[in-house]
file structure-v5.tsv (TSV, N, CA and C atoms)
chain	number	residue	atom	x	y	z
W	1200	MET	N	84.49	82.01	107.95
W	1200	MET	CA	84.17	83.41	108.17
W	1200	MET	C	84.02	84.12	106.82
W	1201	ALA	N	83.00	84.91	106.70
W	1201	ALA	CA	82.74	85.64	105.46
W	1201	ALA	C	83.67	86.84	105.33
W	1202	SER	N	84.01	87.15	104.11
W	1202	SER	CA	84.84	88.31	103.83
W	1202	SER	C	84.09	89.59	104.15
W	1203	LYS	N	84.80	90.57	104.69
W	1203	LYS	CA	84.19	91.88	104.97
W	1203	LYS	C	83.97	92.68	103.69
W	1204	PHE	N	84.76	92.35	102.67
W	1204	PHE	CA	84.72	93.12	101.44
W	1204	PHE	C	84.19	92.29	100.28
W	1205	PRO	N	83.15	92.76	99.60
W	1205	PRO	CA	82.71	92.07	98.39
W	1205	PRO	C	83.74	92.28	97.26
W	1206	ARG	N	83.67	91.43	96.27
W	1206	ARG	CA	84.60	91.50	95.13
W	1206	ARG	C	84.62	92.89	94.50
W	1207	ARG	N	83.48	93.53	94.42
W	1207	ARG	CA	83.42	94.85	93.78
W	1207	ARG	C	84.31	95.86	94.49
W	1208	HIS	N	84.51	95.69	95.80
W	1208	HIS	CA	85.39	96.60	96.53
W	1208	HIS	C	86.85	96.38	96.16
W	1209	TYR	N	87.22	95.11	96.01
W	1209	TYR	CA	88.59	94.82	95.56
W	1209	TYR	C	88.83	95.42	94.18
W	1210	VAL	N	87.86	95.28	93.31
W	1210	VAL	CA	87.98	95.81	91.94
W	1210	VAL	C	88.08	97.33	91.96
W	1211	ALA	N	87.25	97.98	92.76
W	1211	ALA	CA	87.27	99.44	92.84
W	1211	ALA	C	88.61	99.94	93.37
W	1212	ILE	N	89.14	99.27	94.38
W	1212	ILE	CA	90.43	99.66	94.94
W	1212	ILE	C	91.53	99.45	93.91
W	1213	ALA	N	91.49	98.35	93.19
W	1213	ALA	CA	92.49	98.10	92.14
W	1213	ALA	C	92.44	99.18	91.07
W	1214	ARG	N	91.24	99.65	90.73
W	1214	ARG	CA	91.11	100.71	89.72
W	1214	ARG	C	91.77	102.01	90.19
W	1215	VAL	N	91.52	102.37	91.43
W	1215	VAL	CA	92.12	103.59	91.99
W	1215	VAL	C	93.64	103.46	92.00
W	1216	LEU	N	94.14	102.33	92.44
W	1216	LEU	CA	95.59	102.11	92.48
W	1216	LEU	C	96.17	102.12	91.07
W	1217	ASN	N	95.43	101.57	90.10
W	1217	ASN	CA	95.89	101.59	88.71
W	1217	ASN	C	96.02	103.02	88.20
W	1218	GLN	N	95.08	103.88	88.55
W	1218	GLN	CA	95.17	105.28	88.14
W	1218	GLN	C	96.44	105.92	88.69
W	1219	GLN	N	96.74	105.64	89.94
W	1219	GLN	CA	97.96	106.19	90.55
W	1219	GLN	C	99.21	105.58	89.91
W	1220	TYR	N	99.13	104.31	89.58
W	1220	TYR	CA	100.26	103.59	88.99
W	1220	TYR	C	100.57	104.09	87.59
W	1221	THR	N	99.52	104.38	86.82
W	1221	THR	CA	99.72	104.75	85.42
W	1221	THR	C	99.85	106.25	85.18
W	1222	GLN	N	99.39	107.08	86.09
W	1222	GLN	CA	99.39	108.52	85.86
W	1222	GLN	C	100.64	109.24	86.34
W	1223	HIS	N	101.52	108.53	86.99
W	1223	HIS	CA	102.72	109.18	87.51
W	1223	HIS	C	103.94	108.59	86.82
W	1224	PRO	N	104.90	109.44	86.51
W	1224	PRO	CA	106.10	108.94	85.83
W	1224	PRO	C	106.85	107.94	86.71
W	1225	SER	N	107.40	106.93	86.06
W	1225	SER	CA	108.10	105.89	86.81
W	1225	SER	C	109.36	106.43	87.50
W	1226	GLY	N	109.82	107.60	87.10
W	1226	GLY	CA	110.99	108.19	87.72
W	1226	GLY	C	110.71	108.85	89.06
W	1227	ASP	N	109.45	108.94	89.43
W	1227	ASP	CA	109.07	109.57	90.70
W	1227	ASP	C	109.16	108.53	91.81
W	1228	ALA	N	110.37	108.33	92.32
W	1228	ALA	CA	110.63	107.26	93.28
W	1228	ALA	C	109.83	107.42	94.56
W	1229	ARG	N	109.69	108.62	95.05
W	1229	ARG	CA	108.95	108.83	96.30
W	1229	ARG	C	107.48	108.42	96.14
W	1230	HIS	N	106.91	108.79	95.01
W	1230	HIS	CA	105.51	108.41	94.76
W	1230	HIS	C	105.38	106.89	94.67
W	1231	LEU	N	106.28	106.26	93.92
W	1231	LEU	CA	106.19	104.81	93.77
W	1231	LEU	C	106.42	104.09	95.09
W	1232	ASP	N	107.36	104.58	95.90
W	1232	ASP	CA	107.58	103.98	97.22
W	1232	ASP	C	106.30	104.03	98.05
W	1233	THR	N	105.66	105.18	98.05
W	1233	THR	CA	104.41	105.34	98.81
W	1233	THR	C	103.32	104.46	98.24
W	1234	LEU	N	103.21	104.42	96.93
W	1234	LEU	CA	102.19	103.59	96.28
W	1234	LEU	C	102.39	102.12	96.62
W	1235	PHE	N	103.62	101.63	96.50
W	1235	PHE	CA	103.86	100.21	96.76
W	1235	PHE	C	103.72	99.88	98.24
W	1236	TYR	N	104.04	100.81	99.12
W	1236	TYR	CA	103.80	100.59	100.54
W	1236	TYR	C	102.29	100.47	100.80
W	1237	THR	N	101.52	101.33	100.16
W	1237	THR	CA	100.06	101.29	100.29
W	1237	THR	C	99.51	99.97	99.76
W	1238	ILE	N	99.99	99.55	98.60
W	1238	ILE	CA	99.54	98.29	98.01
W	1238	ILE	C	99.88	97.13	98.94
W	1239	ASP	N	101.10	97.09	99.45
W	1239	ASP	CA	101.50	96.01	100.36
W	1239	ASP	C	100.61	95.97	101.60
W	1240	SER	N	100.29	97.13	102.14
W	1240	SER	CA	99.44	97.20	103.32
W	1240	SER	C	98.03	96.69	103.02
W	1241	LEU	N	97.50	97.08	101.87
W	1241	LEU	CA	96.17	96.62	101.48
W	1241	LEU	C	96.16	95.11	101.23
W	1242	VAL	N	97.18	94.61	100.57
W	1242	VAL	CA	97.27	93.17	100.30
W	1242	VAL	C	97.28	92.40	101.61
W	1243	GLU	N	98.04	92.86	102.57
W	1243	GLU	CA	98.08	92.19	103.88
W	1243	GLU	C	96.68	92.15	104.51
W	1244	MET	N	95.99	93.27	104.45
W	1244	MET	CA	94.64	93.34	105.01
W	1244	MET	C	93.68	92.42	104.24
W	1245	PHE	N	93.77	92.41	102.90
W	1245	PHE	CA	92.90	91.59	102.08
W	1245	PHE	C	93.14	90.10	102.34
W	1246	GLU	N	94.41	89.71	102.50
W	1246	GLU	CA	94.72	88.31	102.76
W	1246	GLU	C	94.18	87.86	104.12
W	1247	GLU	N	94.20	88.76	105.09
W	1247	GLU	CA	93.63	88.44	106.39
W	1247	GLU	C	92.10	88.35	106.30
W	1248	ASP	N	91.51	89.19	105.49
W	1248	ASP	CA	90.06	89.22	105.34
W	1248	ASP	C	89.53	88.03	104.55
W	1249	ASN	N	90.26	87.64	103.52
W	1249	ASN	CA	89.75	86.63	102.60
W	1249	ASN	C	90.85	85.61	102.29
W	1250	PRO	N	90.73	84.39	102.80
W	1250	PRO	CA	91.76	83.39	102.54
W	1250	PRO	C	91.89	83.02	101.06
W	1251	ASN	N	90.89	83.36	100.26
W	1251	ASN	CA	90.94	83.08	98.82
W	1251	ASN	C	91.44	84.27	98.01
W	1252	PHE	N	91.90	85.31	98.69
W	1252	PHE	CA	92.41	86.49	97.98
W	1252	PHE	C	93.54	86.06	97.05
W	1253	ASP	N	93.46	86.53	95.82
W	1253	ASP	CA	94.45	86.16	94.79
W	1253	ASP	C	95.37	87.34	94.54
W	1254	TYR	N	96.55	87.30	95.12
W	1254	TYR	CA	97.53	88.39	95.00
W	1254	TYR	C	97.88	88.68	93.54
W	1255	ARG	N	98.16	87.65	92.78
W	1255	ARG	CA	98.57	87.85	91.37
W	1255	ARG	C	97.46	88.51	90.55
W	1256	ARG	N	96.25	88.07	90.78
W	1256	ARG	CA	95.12	88.66	90.05
W	1256	ARG	C	94.94	90.13	90.44
W	1257	PHE	N	95.05	90.41	91.72
W	1257	PHE	CA	94.91	91.79	92.19
W	1257	PHE	C	96.00	92.67	91.61
W	1258	MET	N	97.25	92.21	91.65
W	1258	MET	CA	98.34	93.01	91.11
W	1258	MET	C	98.24	93.19	89.61
W	1259	SER	N	97.72	92.20	88.92
W	1259	SER	CA	97.49	92.34	87.48
W	1259	SER	C	96.48	93.45	87.24
W	1260	ALA	N	95.44	93.49	88.06
W	1260	ALA	CA	94.42	94.55	87.92
W	1260	ALA	C	95.01	95.92	88.25
W	1261	VAL	N	95.89	95.98	89.23
W	1261	VAL	CA	96.52	97.25	89.58
W	1261	VAL	C	97.40	97.73	88.43
W	1262	LYS	N	98.16	96.85	87.84
W	1262	LYS	CA	99.11	97.24	86.79
W	1262	LYS	C	98.45	97.44	85.43
W	1263	LYS	N	97.42	96.67	85.12
W	1263	LYS	CA	96.79	96.73	83.81
W	1263	LYS	C	95.43	97.40	83.80
W	1264	GLY	N	94.88	97.62	84.97
W	1264	GLY	CA	93.53	98.17	85.08
W	1264	GLY	C	92.54	97.05	85.31
W	1265	ALA	N	91.58	97.30	86.16
W	1265	ALA	CA	90.60	96.27	86.52
W	1265	ALA	C	89.56	96.12	85.43

call {"tool": "encode", "arguments": {"input": "structure-v5.tsv", "output": "structure tokens"}}
result
Amino acid sequence: MASKFPRRHYVAIARVLNQQYTQHPSGDARHLDTLFYTIDSLVEMFEEDNPNFDYRRFMSAVKKGA
């Protein structure tokens, strides 16, 4: 089965998440909780969509920028 999302969509989503990850102080626990919940939900969806989804690569892009 083909993936619903092209690679460029994964990259674009990682960029948006990176902006949220880097623009908010790490002391803002509520923001980080929400951000990580969102990331976990997206990862679950991406893994279902694409069996070749690379979690480590995606998280690297989220933390360092795509």

call {"tool": "select_by_dssp", "arguments": {"input": "structure-v5.tsv", "residues": "chain W", "states": "alpha helix (DSSP H)", "output": "number ranges by chain"}}
result
W: 1206-1222, 1228-1248, 1254-1263

call {"tool": "closest_residue", "arguments": {"input": "structure-v5.tsv", "among": "W:His1230, W:Pro1205, W:Gln1218, W:Val1210", "to": "W:Arg1256", "atoms": "only C-alpha atoms"}}
result
W:Val1210

call {"tool": "residues_around", "arguments": {"input": "structure-v5.tsv", "residues": "W:Ser1202", "least_positions_apart": "6", "cutoff": "8 Å", "atoms": "only N, CA and C atoms", "output": "list in words"}}
result
Glu1247, Asp1248, Asn1249 and Pro1250 of chain W

call {"tool": "atom_distance", "arguments": {"input": "structure-v5.tsv", "atom1": "atom CA of W:Tyr1209", "atom2": "atom CA of W:Phe1257"}}
result
7.8 Å

call {"tool": "atom_distance", "arguments": {"input": "structure-v5.tsv", "atom1": "atom CA of W:Thr1233", "atom2": "atom C of W:Ala1201"}}
result
28.5 Å

call {"tool": "residues_around", "arguments": {"input": "structure-v5.tsv", "residues": "W:Leu1216", "least_positions_apart": "5", "cutoff": "8 Å", "atoms": "all atoms listed in the file", "output": "list in words"}}
result
Val1210, Ala1211, Thr1221, Gln1222, Leu1234, Ile1238, Ala1260, Val1261, Lys1262 and Gly1264 of chain W

call {"tool": "write_last_selection", "arguments": {"input": "structure-v5.tsv", "atoms": "N, CA and C atoms", "output": "PDB file, in the coordinates of the input"}}
result
ATOM      1  N   VAL W1210      87.860  95.280  93.310  1.00  0.00           N
ATOM      2  CA  VAL W1210      87.980  95.810  91.940  1.00  0.00           C
ATOM      3  C   VAL W1210      88.080  97.330  91.960  1.00  0.00           C
ATOM      4  N   ALA W1211      87.250  97.980  92.760  1.00  0.00           N
ATOM      5  CA  ALA W1211      87.270  99.440  92.840  1.00  0.00           C
ATOM      6  C   ALA W1211      88.610  99.940  93.370  1.00  0.00           C
ATOM      7  N   THR W1221      99.520 104.380  86.820  1.00  0.00           N
ATOM      8  CA  THR W1221      99.720 104.750  85.420  1.00  0.00           C
ATOM      9  C   THR W1221      99.850 106.250  85.180  1.00  0.00           C
ATOM     10  N   GLN W1222      99.390 107.080  86.090  1.00  0.00           N
ATOM     11  CA  GLN W1222      99.390 108.520  85.860  1.00  0.00           C
ATOM     12  C   GLN W1222     100.640 109.240  86.340  1.00  0.00           C
ATOM     13  N   LEU W1234     103.210 104.420  96.930  1.00  0.00           N
ATOM     14  CA  LEU W1234     102.190 103.590  96.280  1.00  0.00           C
ATOM     15  C   LEU W1234     102.390 102.120  96.620  1.00  0.00           C
ATOM     16  N   ILE W1238      99.990  99.550  98.600  1.00  0.00           N
ATOM     17  CA  ILE W1238      99.540  98.290  98.010  1.00  0.00           C
ATOM     18  C   ILE W1238      99.880  97.130  98.940  1.00  0.00           C
ATOM     19  N   ALA W1260      95.440  93.490  88.060  1.00  0.00           N
ATOM     20  CA  ALA W1260      94.420  94.550  87.920  1.00  0.00           C
ATOM     21  C   ALA W1260      95.010  95.920  88.250  1.00  0.00           C
ATOM     22  N   VAL W1261      95.890  95.980  89.230  1.00  0.00           N
ATOM     23  CA  VAL W1261      96.520  97.250  89.580  1.00  0.00           C
ATOM     24  C   VAL W1261      97.400  97.730  88.430  1.00  0.00           C
ATOM     25  N   LYS W1262      98.160  96.850  87.840  1.00  0.00           N
ATOM     26  CA  LYS W1262      99.110  97.240  86.790  1.00  0.00           C
ATOM     27  C   LYS W1262      98.450  97.440  85.430  1.00  0.00           C
ATOM     28  N   GLY W1264      94.880  97.620  84.970  1.00  0.00           N
ATOM     29  CA  GLY W1264      93.530  98.170  85.080  1.00  0.00           C
ATOM     30  C   GLY W1264      92.540  97.050  85.310  1.00  0.00           C
TER      31      GLY W1264
END

call {"tool": "atom_distance", "arguments": {"input": "structure-v5.tsv", "atom1": "atom CA of W:Lys1263", "atom2": "atom CA of W:Asn1217"}}
result
7.0 Å

call {"tool": "closest_residue", "arguments": {"input": "structure-v5.tsv", "among": "W:Ala1213, W:Glu1246, W:Phe1235, W:Ala1228", "to": "W:Met1258", "atoms": "all atoms listed in the file"}}
result
W:Ala1213
